[in-house]
file upload39.cif (mmCIF, C-alpha atoms)
data_start
loop_
_atom_site.group_PDB
_atom_site.id
_atom_site.type_symbol
_atom_site.label_atom_id
_atom_site.label_comp_id
_atom_site.auth_asym_id
_atom_site.auth_seq_id
_atom_site.Cartn_x
_atom_site.Cartn_y
_atom_site.Cartn_z
ATOM 1 C CA MET A 12 -48.031 -3.056 34.013
ATOM 2 C CA VAL A 13 -44.388 -4.074 33.561
ATOM 3 C CA THR A 14 -44.023 -7.781 33.133
ATOM 4 C CA GLN A 15 -41.344 -9.790 34.890
ATOM 5 C CA GLU A 16 -39.550 -10.340 31.591
ATOM 6 C CA GLN A 17 -39.546 -6.601 30.839
ATOM 7 C CA ARG A 18 -38.190 -5.883 34.323
ATOM 8 C CA LYS A 19 -35.359 -8.334 33.768
ATOM 9 C CA ARG A 20 -34.445 -6.668 30.459
ATOM 10 C CA GLN A 21 -34.518 -3.203 32.107
ATOM 11 C CA LEU A 22 -32.233 -4.331 34.917
ATOM 12 C CA ALA A 23 -29.855 -5.937 32.451
ATOM 13 C CA ARG A 24 -29.782 -2.739 30.377
ATOM 14 C CA GLU A 25 -29.064 -0.599 33.472
ATOM 15 C CA LYS A 26 -26.295 -2.999 34.518
ATOM 16 C CA PHE A 27 -24.747 -2.762 31.052
ATOM 17 C CA LEU A 28 -24.877 1.055 31.132
ATOM 18 C CA ARG A 29 -23.208 1.132 34.575
ATOM 19 C CA GLN A 30 -20.413 -1.124 33.292
ATOM 20 C CA GLN A 31 -19.900 1.112 30.274
ATOM 21 C CA GLN A 32 -19.741 4.196 32.483
ATOM 22 C CA ARG A 33 -17.167 2.544 34.758
ATOM 23 C CA ARG A 34 -15.042 1.501 31.794
ATOM 24 C CA THR A 35 -15.227 4.967 30.233
ATOM 25 C CA SER A 36 -14.276 6.550 33.556
ATOM 26 C CA ALA A 37 -11.378 4.108 34.000
ATOM 27 C CA ARG A 38 -10.052 4.840 30.488
ATOM 28 C CA ARG A 39 -10.291 8.601 31.124
ATOM 29 C CA LYS A 40 -8.346 8.280 34.389
ATOM 30 C CA ALA A 41 -5.714 6.093 32.706
ATOM 31 C CA ARG A 42 -5.227 8.663 29.940
ATOM 32 C CA MET A 43 -4.824 11.455 32.494
ATOM 33 C CA ARG A 44 -2.369 9.384 34.545
ATOM 34 C CA ASN A 45 -0.301 8.477 31.495
ATOM 35 C CA SER A 46 -0.288 12.089 30.357
ATOM 36 C CA VAL A 47 1.034 13.241 33.737
ATOM 37 C CA ILE A 48 3.689 10.506 33.777
ATOM 38 C CA ALA A 49 4.819 11.413 30.262
ATOM 39 C CA SER A 50 5.056 15.091 31.189
ATOM 40 C CA VAL A 51 7.121 14.356 34.288
ATOM 41 C CA LEU A 52 9.457 12.029 32.391
ATOM 42 C CA GLY A 53 9.877 14.675 29.707
ATOM 43 C CA VAL A 54 10.906 17.256 32.284
ATOM 44 C CA ILE A 55 13.332 14.810 33.898
ATOM 45 C CA VAL A 56 14.966 13.887 30.578
ATOM 46 C CA ILE A 57 15.283 17.488 29.418
ATOM 47 C CA GLY A 58 16.623 18.580 32.807
ATOM 48 C CA SER A 59 19.142 15.737 32.895
ATOM 49 C CA VAL A 60 20.478 16.524 29.429
ATOM 50 C CA ALA A 61 20.807 20.202 30.306
ATOM 51 C CA LEU A 62 22.647 19.397 33.515
ATOM 52 C CA TYR A 63 25.175 17.053 31.990
ATOM 53 C CA THR A 64 25.893 18.987 28.825
ATOM 54 C CA THR A 65 26.024 22.517 30.217
ATOM 55 C CA GLY A 66 26.571 22.504 33.940
ATOM 56 C CA VAL A 67 28.767 19.718 35.145
ATOM 57 C CA LEU A 68 32.078 21.106 33.941
ATOM 58 C CA LYS A 69 31.561 24.689 34.978
ATOM 59 C CA ASN A 70 33.219 26.367 37.898
ATOM 60 C CA ASP A 71 30.479 26.484 40.539
ATOM 61 C CA ASP A 72 30.322 30.256 40.954
ATOM 62 C CA LYS A 73 27.288 32.552 40.698
ATOM 63 C CA SER A 74 27.324 32.427 36.914
ATOM 64 C CA ASN A 75 26.753 28.674 37.024
ATOM 65 C CA ALA A 76 23.080 27.894 37.484
ATOM 66 C CA SER A 77 23.806 24.207 38.082
ATOM 67 C CA ALA A 78 25.506 25.075 41.367
ATOM 68 C CA ASP A 79 22.044 25.548 42.868
ATOM 69 C CA VAL A 80 20.931 22.023 41.975
ATOM 70 C CA THR A 81 21.164 19.578 44.875
ATOM 71 C CA PRO A 82 20.773 15.968 43.654
ATOM 72 C CA THR A 83 18.353 13.839 45.677
ATOM 73 C CA PRO A 84 20.309 11.074 47.417
ATOM 74 C CA SER A 85 19.277 7.551 46.522
ATOM 75 C CA ALA A 86 19.286 4.540 48.801
ATOM 76 C CA SER A 87 22.605 3.429 47.300
ATOM 77 C CA ALA A 88 24.220 6.733 48.277
ATOM 78 C CA THR A 89 24.314 5.585 51.895
ATOM 79 C CA LYS A 90 26.322 2.486 50.934
ATOM 80 C CA LYS A 91 29.683 3.811 49.813
ATOM 81 C CA ALA A 92 32.203 1.592 48.111
ATOM 82 C CA PRO A 93 35.446 1.017 50.035
ATOM 83 C CA ASP A 94 37.892 3.907 49.722
ATOM 84 C CA PRO A 95 40.719 2.676 47.455
ATOM 85 C CA CYS A 96 43.041 5.560 48.290
ATOM 86 C CA ALA A 97 45.582 6.373 50.976
ATOM 87 C CA LYS A 98 45.503 9.157 53.541
ATOM 88 C CA PRO A 99 46.605 12.583 52.279
ATOM 89 C CA ALA A 100 50.136 13.791 52.964
ATOM 90 C CA ALA A 101 50.544 16.389 55.682
ATOM 91 C CA GLY A 102 50.444 19.977 54.494
ATOM 92 C CA LYS A 103 48.294 23.049 53.979
ATOM 93 C CA ILE A 104 46.565 24.380 50.892
ATOM 94 C CA LYS A 105 48.007 27.618 49.500
ATOM 95 C CA THR A 106 45.602 30.554 49.401
ATOM 96 C CA GLU A 107 47.610 32.997 47.270
ATOM 97 C CA THR A 108 45.918 34.406 44.149
ATOM 98 C CA TRP A 109 47.071 36.675 41.328
ATOM 99 C CA LYS A 110 45.339 39.484 39.485
ATOM 100 C CA LYS A 111 46.793 38.801 36.031
ATOM 101 C CA GLU A 112 47.643 35.770 33.963
ATOM 102 C CA PRO A 113 51.400 35.122 34.182
ATOM 103 C CA ALA A 114 53.503 36.056 31.181
ATOM 104 C CA VAL A 115 54.075 33.132 28.818
ATOM 105 C CA THR A 116 57.622 31.962 29.527
ATOM 106 C CA ILE A 117 57.493 28.298 28.527
ATOM 107 C CA ASP A 118 59.280 27.014 25.433
ATOM 108 C CA LYS A 119 56.408 26.429 23.021
ATOM 109 C CA SER A 120 58.487 24.033 20.949
ATOM 110 C CA ALA A 121 59.450 21.832 23.913
ATOM 111 C CA LYS A 122 57.611 18.893 25.481
ATOM 112 C CA TYR A 123 56.117 19.295 28.948
ATOM 113 C CA THR A 124 54.553 16.731 31.230
ATOM 114 C CA MET A 125 52.546 17.104 34.429
ATOM 115 C CA LYS A 126 52.527 14.593 37.248
ATOM 116 C CA LEU A 127 49.680 14.569 39.739
ATOM 117 C CA ALA A 128 50.935 12.622 42.734
ATOM 118 C CA THR A 129 47.589 11.750 44.303
ATOM 119 C CA THR A 130 46.479 9.698 47.272
ATOM 120 C CA CYS A 131 45.186 7.135 44.765
ATOM 121 C CA GLY A 132 48.366 6.907 42.683
ATOM 122 C CA ASP A 133 50.335 8.961 40.179
ATOM 123 C CA ILE A 134 48.570 10.387 37.127
ATOM 124 C CA ASP A 135 51.044 11.367 34.405
ATOM 125 C CA ILE A 136 49.854 13.744 31.702
ATOM 126 C CA ALA A 137 51.513 14.685 28.412
ATOM 127 C CA LEU A 138 50.759 18.376 27.873
ATOM 128 C CA LYS A 139 49.833 19.899 24.499
ATOM 129 C CA THR A 140 52.294 22.765 24.720
ATOM 130 C CA SER A 141 52.237 24.152 21.187
ATOM 131 C CA ALA A 142 48.454 23.829 20.844
ATOM 132 C CA ALA A 143 47.589 25.322 24.265
ATOM 133 C CA PRO A 144 50.569 27.474 25.353
ATOM 134 C CA HIS A 145 48.611 29.797 27.684
ATOM 135 C CA THR A 146 47.050 26.843 29.480
ATOM 136 C CA VAL A 147 50.288 24.875 29.822
ATOM 137 C CA ASN A 148 52.147 28.008 30.908
ATOM 138 C CA SER A 149 49.513 28.673 33.592
ATOM 139 C CA PHE A 150 49.792 25.129 34.937
ATOM 140 C CA ASP A 151 53.580 25.382 34.943
ATOM 141 C CA PHE A 152 53.297 28.619 36.929
ATOM 142 C CA LEU A 153 50.685 27.361 39.407
ATOM 143 C CA ALA A 154 52.401 24.014 39.975
ATOM 144 C CA GLY A 155 55.656 25.865 40.659
ATOM 145 C CA LYS A 156 53.848 27.903 43.316
ATOM 146 C CA GLY A 157 52.427 24.758 44.971
ATOM 147 C CA PHE A 158 48.901 25.935 44.137
ATOM 148 C CA PHE A 159 47.518 22.426 43.540
ATOM 149 C CA ASP A 160 49.295 20.724 46.426
ATOM 150 C CA HIS A 161 46.968 19.179 49.067
ATOM 151 C CA THR A 162 43.830 20.083 47.078
ATOM 152 C CA LYS A 163 40.910 17.671 46.637
ATOM 153 C CA CYS A 164 39.444 16.513 43.360
ATOM 154 C CA HIS A 165 35.972 17.607 44.358
ATOM 155 C CA ARG A 166 33.638 16.257 41.679
ATOM 156 C CA LEU A 167 33.029 12.908 39.983
ATOM 157 C CA THR A 168 30.385 12.517 37.290
ATOM 158 C CA THR A 169 29.276 8.972 36.505
ATOM 159 C CA SER A 170 26.196 9.481 34.343
ATOM 160 C CA GLY A 171 25.814 11.280 31.022
ATOM 161 C CA ILE A 172 29.483 12.264 31.009
ATOM 162 C CA TYR A 173 32.373 10.578 32.779
ATOM 163 C CA VAL A 174 34.884 12.930 34.365
ATOM 164 C CA LEU A 175 36.821 13.709 37.533
ATOM 165 C CA GLN A 176 37.139 17.441 38.251
ATOM 166 C CA CYS A 177 40.074 18.897 40.189
ATOM 167 C CA GLY A 178 42.078 22.096 40.631
ATOM 168 C CA ASP A 179 39.975 24.021 43.145
ATOM 169 C CA PRO A 180 41.757 24.998 46.368
ATOM 170 C CA THR A 181 38.421 25.534 48.141
ATOM 171 C CA GLY A 182 37.265 21.983 47.371
ATOM 172 C CA ALA A 183 33.770 23.338 46.719
ATOM 173 C CA GLY A 184 33.938 24.108 42.989
ATOM 174 C CA SER A 185 34.135 27.900 43.268
ATOM 175 C CA GLY A 186 37.874 28.549 43.626
ATOM 176 C CA GLY A 187 40.545 29.672 41.192
ATOM 177 C CA PRO A 188 43.872 31.474 40.843
ATOM 178 C CA GLY A 189 42.369 34.967 40.633
ATOM 179 C CA TYR A 190 42.912 35.304 36.883
ATOM 180 C CA THR A 191 41.481 33.678 33.753
ATOM 181 C CA ILE A 192 43.131 32.317 30.627
ATOM 182 C CA PRO A 193 41.920 32.215 27.011
ATOM 183 C CA ASP A 194 40.271 29.181 25.441
ATOM 184 C CA GLU A 195 42.664 27.236 23.215
ATOM 185 C CA ASN A 196 42.832 24.186 20.965
ATOM 186 C CA LEU A 197 39.061 23.867 20.548
ATOM 187 C CA LYS A 198 39.560 22.372 17.081
ATOM 188 C CA ASP A 199 41.817 19.599 18.328
ATOM 189 C CA THR A 200 41.609 16.607 15.995
ATOM 190 C CA SER A 201 40.814 14.347 18.975
ATOM 191 C CA LEU A 202 37.448 16.079 19.474
ATOM 192 C CA LYS A 203 35.607 14.269 16.708
ATOM 193 C CA GLY A 204 31.842 13.880 16.667
ATOM 194 C CA GLY A 205 31.341 16.124 19.693
ATOM 195 C CA THR A 206 33.227 13.685 21.925
ATOM 196 C CA TYR A 207 36.022 14.179 24.430
ATOM 197 C CA PRO A 208 37.773 10.787 24.330
ATOM 198 C CA ALA A 209 38.907 8.867 27.398
ATOM 199 C CA GLY A 210 42.301 10.099 28.563
ATOM 200 C CA THR A 211 41.623 13.756 27.733
ATOM 201 C CA VAL A 212 42.502 16.494 30.229
ATOM 202 C CA ALA A 213 40.577 19.728 29.645
ATOM 203 C CA MET A 214 39.772 23.023 31.320
ATOM 204 C CA ALA A 215 36.552 23.711 33.195
ATOM 205 C CA ASN A 216 34.976 27.153 32.800
ATOM 206 C CA THR A 217 31.961 29.246 33.781
ATOM 207 C CA GLY A 218 30.122 28.609 30.520
ATOM 208 C CA GLN A 219 31.412 31.853 29.012
ATOM 209 C CA LYS A 220 34.348 32.244 26.630
ATOM 210 C CA HIS A 221 37.860 32.640 28.031
ATOM 211 C CA THR A 222 36.927 31.978 31.677
ATOM 212 C CA GLY A 223 39.246 29.064 32.461
ATOM 213 C CA GLY A 224 41.152 29.374 35.733
ATOM 214 C CA SER A 225 42.711 26.440 37.585
ATOM 215 C CA GLN A 226 39.912 23.860 37.537
ATOM 216 C CA PHE A 227 40.273 21.021 35.070
ATOM 217 C CA PHE A 228 38.705 17.639 34.386
ATOM 218 C CA LEU A 229 40.047 14.205 33.503
ATOM 219 C CA VAL A 230 37.924 12.067 31.173
ATOM 220 C CA TYR A 231 37.848 8.366 32.123
ATOM 221 C CA LYS A 232 35.271 7.353 29.495
ATOM 222 C CA ALA A 233 34.366 8.996 26.183
ATOM 223 C CA SER A 234 31.983 11.881 26.903
ATOM 224 C CA THR A 235 29.760 13.884 24.555
ATOM 225 C CA LEU A 236 30.362 17.586 25.192
ATOM 226 C CA PRO A 237 30.390 20.822 23.202
ATOM 227 C CA ALA A 238 33.891 21.774 22.060
ATOM 228 C CA SER A 239 34.184 24.690 24.484
ATOM 229 C CA TYR A 240 36.570 23.196 27.057
ATOM 230 C CA THR A 241 40.272 23.581 26.221
ATOM 231 C CA PRO A 242 41.856 20.119 25.757
ATOM 232 C CA PHE A 243 45.444 20.487 26.927
ATOM 233 C CA GLY A 244 46.721 17.053 27.915
ATOM 234 C CA THR A 245 46.550 13.284 27.520
ATOM 235 C CA ILE A 246 46.692 10.839 30.434
ATOM 236 C CA SER A 247 49.180 7.961 30.370
ATOM 237 C CA ALA A 248 48.073 4.310 30.459
ATOM 238 C CA SER A 249 49.171 3.965 34.091
ATOM 239 C CA GLY A 250 47.360 7.179 34.944
ATOM 240 C CA MET A 251 44.165 5.837 33.383
ATOM 241 C CA LYS A 252 44.332 2.825 35.706
ATOM 242 C CA VAL A 253 44.395 5.190 38.670
ATOM 243 C CA LEU A 254 41.547 7.275 37.232
ATOM 244 C CA ASN A 255 39.405 4.199 36.579
ATOM 245 C CA LYS A 256 40.016 3.017 40.143
ATOM 246 C CA ILE A 257 38.682 6.343 41.408
ATOM 247 C CA ALA A 258 35.654 6.162 39.098
ATOM 248 C CA ALA A 259 34.879 2.580 40.152
ATOM 249 C CA ALA A 260 34.450 3.731 43.764
ATOM 250 C CA GLY A 261 31.569 5.959 42.643
ATOM 251 C CA GLU A 262 30.301 9.295 43.917
ATOM 252 C CA SER A 263 28.618 10.239 47.175
ATOM 253 C CA THR A 264 25.100 11.311 46.152
ATOM 254 C CA GLY A 265 23.998 8.272 44.171
ATOM 255 C CA ALA A 266 22.600 10.689 41.576
ATOM 256 C CA GLY A 267 25.557 10.502 39.192
ATOM 257 C CA ASP A 268 27.253 13.788 40.122
ATOM 258 C CA GLY A 269 28.911 14.522 43.449
ATOM 259 C CA ALA A 270 32.036 14.233 45.542
ATOM 260 C CA PRO A 271 33.993 11.053 44.785
ATOM 261 C CA ASN A 272 33.783 8.282 47.370
ATOM 262 C CA ALA A 273 37.533 7.848 46.957
ATOM 263 C CA THR A 274 39.641 10.314 48.918
ATOM 264 C CA VAL A 275 41.301 11.964 45.912
ATOM 265 C CA VAL A 276 43.832 14.529 47.049
ATOM 266 C CA ILE A 277 46.663 15.907 44.927
ATOM 267 C CA ASN A 278 49.611 15.648 47.312
ATOM 268 C CA LYS A 279 51.917 17.288 44.770
ATOM 269 C CA ALA A 280 51.571 18.594 41.200
ATOM 270 C CA THR A 281 54.730 18.952 39.112
ATOM 271 C CA VAL A 282 55.234 20.254 35.569
ATOM 272 C CA THR A 283 58.478 19.185 33.903
ATOM 273 C CA LYS A 284 60.123 20.192 30.630
ATOM 274 C CA SER A 285 61.635 17.313 28.690
#
call {"tool": "encode", "arguments": {"input": "upload39.cif", "output": "structure tokens"}}
result
Amino acid sequence: MVTQEQRKRQLAREKFLRQQQRRTSARRKARMRNSVIASVLGVIVIGSVALYTTGVLKNDDKSNASADVTPTPSASATKKAPDPCAKPAAGKIKTETWKKEPAVTIDKSAKYTMKLATTCGDIDIALKTSAAPHTVNSFDFLAGKGFFDHTKCHRLTTSGIYVLQCGDPTGAGSGGPGYTIPDENLKDTSLKGGTYPAGTVAMANTGQKHTGGSQFFLVYKASTLPASYTPFGTISASGMKVLNKIAAAGESTGAGDGAPNATVVINKATVTKS
């Protein structure tokens, strides 16, 4: 017969075993949960790095896989900052394209500047004529044709890299002049340590060599990028104030990459020889 004392010890032992089982089960579940969380975070980090180092500055055509990525809007995306820019000037976007790159007719030994008269203010750019003659010549040609006039700067990136992208007449990231130009000046001394410094103006491309068209980006904060985007200009101090004003207004998705909240339209682009 089991004594009362023995019964108490048996119950205590069973209670202890149940507690141990619950603790073991809880630890197992915690390990599984942490493993899942770590895996998800790993995917997010890797995906984010890939997006910002390979996709953001590409023309959004079929060769650009990042064009298929639609950022998930955050709660802050519904609360846009006040638009710091004026209404666009009246006028229509030109739709003319060309089959071949224009012949290089600029004076490679002369100084050229480009003025982007935008709805947010003027952005003056000193062009690197001798280092990037094909690029500067193309901008001189396109500006003379009114190609950039009334076009939107369609993309602002505020996380990972810090750029405003412009030069697409469609406003969707897929447009161009119909021709491509060669990559140039990829060993520019300003591109040290894999960084495009603030104030740099460089060409966007499809991710392949020699695929620049008309789309370009303006760097408002030092950005780590591979040296595969032709740097062809430097923004003036007054132009940087305008660019920073645009960046401060943020972008529309809340995910760090989308249309700028500011209404950035190039009313007129002019290239001048000095």
call {"tool": "residues_near_point", "arguments": {"input": "upload39.cif", "point": "(52.7, 26.7, 40.7)", "cutoff": "12 Å", "atoms": "all atoms listed in the file", "output": "PyMOL selection string"}}
result
chain A and resi 105-109+113+125+147-160+178+188+225+279-283
call {"tool": "closest_residue", "arguments": {"input": "upload39.cif", "among": "A:Gly261, A:Gly269, A:Gly218, A:Pro93", "to": "Ser239 of chain A", "atoms": "all atoms listed in the file"}}
result
A:Gly218
call {"tool": "atom_distance", "arguments": {"input": "upload39.cif", "atom1": "atom CA of Pro237 of chain A", "atom2": "atom CA of Ala142 of chain A"}}
result
18.5 Å
call {"tool": "residues_near_point", "arguments": {"input": "upload39.cif", "point": "(47.5, 14.8, 23.7)", "cutoff": "12 Å", "atoms": "all atoms listed in the file", "output": "PyMOL selection string"}}
result
chain A and resi 122-124+135-143+196+199-202+207-213+241-247
call {"tool": "resolve_selection", "arguments": {"input": "upload39.cif", "expression": "the PyMOL selection byres ((chain A and resi 273) around 6)", "output": "ChimeraX atom specification"}}
result
/A:94,257,271-272,274-275
call {"tool": "closest_residue", "arguments": {"input": "upload39.cif", "among": "A:Gly171, A:Tyr231, A:Thr162, A:Ser285", "to": "Lys256 of chain A", "atoms": "only C-alpha atoms"}}
result
A:Tyr231
call {"tool": "resolve_selection", "arguments": {"input": "upload39.cif", "expression": "the PyMOL selection byres ((chain A and resi 220) around 10)", "output": "mmCIF file with C-alpha atoms, keeping the file's coordinate frame"}}
result
data_model
loop_
_atom_site.group_PDB
_atom_site.id
_atom_site.type_symbol
_atom_site.label_atom_id
_atom_site.label_comp_id
_atom_site.auth_asym_id
_atom_site.auth_seq_id
_atom_site.Cartn_x
_atom_site.Cartn_y
_atom_site.Cartn_z
ATOM 1 C CA ILE A 192 43.131 32.317 30.627
ATOM 2 C CA PRO A 193 41.920 32.215 27.011
ATOM 3 C CA ASP A 194 40.271 29.181 25.441
ATOM 4 C CA ASN A 216 34.976 27.153 32.800
ATOM 5 C CA THR A 217 31.961 29.246 33.781
ATOM 6 C CA GLY A 218 30.122 28.609 30.520
ATOM 7 C CA GLN A 219 31.412 31.853 29.012
ATOM 8 C CA HIS A 221 37.860 32.640 28.031
ATOM 9 C CA THR A 222 36.927 31.978 31.677
ATOM 10 C CA GLY A 223 39.246 29.064 32.461
ATOM 11 C CA SER A 239 34.184 24.690 24.484
ATOM 12 C CA TYR A 240 36.570 23.196 27.057
#
call {"tool": "atom_distance", "arguments": {"input": "upload39.cif", "atom1": "atom CA of Gly189 of chain A", "atom2": "atom CA of Lys110 of chain A"}}
result
5.5 Å
call {"tool": "closest_residue", "arguments": {"input": "upload39.cif", "among": "A:Ile277, A:Ala92, A:Leu236, A:Cys131", "to": "Gly265 of chain A", "atoms": "all atoms listed in the file"}}
result
A:Ala92
call {"tool": "atom_distance", "arguments": {"input": "upload39.cif", "atom1": "atom CA of Val253 of chain A", "atom2": "atom CA of Gly132 of chain A"}}
result
5.9 Å
call {"tool": "closest_residue", "arguments": {"input": "upload39.cif", "among": "A:Phe227, A:Ser249, A:Pro180, A:His145", "to": "Ile117 of chain A", "atoms": "all atoms listed in the file"}}
result
A:His145
call {"tool": "decode", "arguments": {"input": "upload39.cif", "residues": "segment 174-198 of chain A", "atoms": "N, CA and C atoms", "output": "tab-separated table (two decimals), in the first residue's frame"}}
result
chain	number	residue	atom	x	y	z
A	174	VAL	N	19.49	60.31	-53.79
A	174	VAL	CA	19.54	60.91	-55.13
A	174	VAL	C	18.14	61.32	-55.60
A	175	LEU	N	18.13	62.30	-56.50
A	175	LEU	CA	16.94	62.69	-57.24
A	175	LEU	C	17.18	62.34	-58.70
A	176	GLN	N	16.27	61.59	-59.31
A	176	GLN	CA	16.45	61.14	-60.69
A	176	GLN	C	15.50	61.89	-61.62
A	177	CYS	N	16.05	62.35	-62.73
A	177	CYS	CA	15.30	63.18	-63.69
A	177	CYS	C	15.63	62.74	-65.13
A	178	GLY	N	15.07	63.46	-66.09
A	178	GLY	CA	15.46	63.26	-67.49
A	178	GLY	C	14.61	62.30	-68.29
A	179	ASP	N	13.47	61.89	-67.74
A	179	ASP	CA	12.59	60.96	-68.46
A	179	ASP	C	11.33	61.68	-68.91
A	180	PRO	N	11.11	61.81	-70.21
A	180	PRO	CA	9.91	62.52	-70.67
A	180	PRO	C	8.61	61.80	-70.35
A	181	THR	N	8.66	60.50	-70.07
A	181	THR	CA	7.43	59.77	-69.73
A	181	THR	C	7.06	59.96	-68.27
A	182	GLY	N	8.04	60.35	-67.44
A	182	GLY	CA	7.78	60.52	-66.01
A	182	GLY	C	7.60	59.21	-65.27
A	183	ALA	N	7.87	58.10	-65.93
A	183	ALA	CA	7.65	56.78	-65.32
A	183	ALA	C	8.95	56.00	-65.14
A	184	GLY	N	10.06	56.53	-65.64
A	184	GLY	CA	11.35	55.85	-65.49
A	184	GLY	C	11.74	54.97	-66.66
A	185	SER	N	10.97	54.98	-67.74
A	185	SER	CA	11.26	54.09	-68.87
A	185	SER	C	11.60	54.83	-70.16
A	186	GLY	N	11.61	56.16	-70.12
A	186	GLY	CA	11.80	56.93	-71.35
A	186	GLY	C	13.25	57.29	-71.63
A	187	GLY	N	13.49	57.74	-72.85
A	187	GLY	CA	14.83	58.14	-73.27
A	187	GLY	C	14.79	58.82	-74.62
A	188	PRO	N	15.97	59.17	-75.15
A	188	PRO	CA	16.01	59.91	-76.41
A	188	PRO	C	15.98	59.03	-77.66
A	189	GLY	N	15.99	57.71	-77.46
A	189	GLY	CA	15.99	56.80	-78.61
A	189	GLY	C	17.37	56.27	-78.93
A	190	TYR	N	18.41	56.86	-78.38
A	190	TYR	CA	19.78	56.40	-78.60
A	190	TYR	C	20.47	56.25	-77.24
A	191	THR	N	21.63	55.62	-77.24
A	191	THR	CA	22.43	55.49	-76.02
A	191	THR	C	23.80	56.12	-76.24
A	192	ILE	N	24.47	56.42	-75.14
A	192	ILE	CA	25.80	57.02	-75.21
A	192	ILE	C	26.77	56.16	-74.39
A	193	PRO	N	28.06	56.25	-74.69
A	193	PRO	CA	29.03	55.41	-73.97
A	193	PRO	C	29.26	55.90	-72.55
A	194	ASP	N	29.64	54.97	-71.67
A	194	ASP	CA	30.06	55.33	-70.32
A	194	ASP	C	31.36	56.13	-70.40
A	195	GLU	N	31.50	57.10	-69.53
A	195	GLU	CA	32.71	57.94	-69.52
A	195	GLU	C	33.09	58.29	-68.09
A	196	ASN	N	34.35	58.65	-67.90
A	196	ASN	CA	34.82	59.26	-66.66
A	196	ASN	C	34.58	58.40	-65.42
A	197	LEU	N	34.62	57.09	-65.57
A	197	LEU	CA	34.34	56.21	-64.44
A	197	LEU	C	35.50	56.12	-63.46
A	198	LYS	N	36.63	56.72	-63.81
A	198	LYS	CA	37.77	56.78	-62.89
A	198	LYS	C	37.98	58.19	-62.37
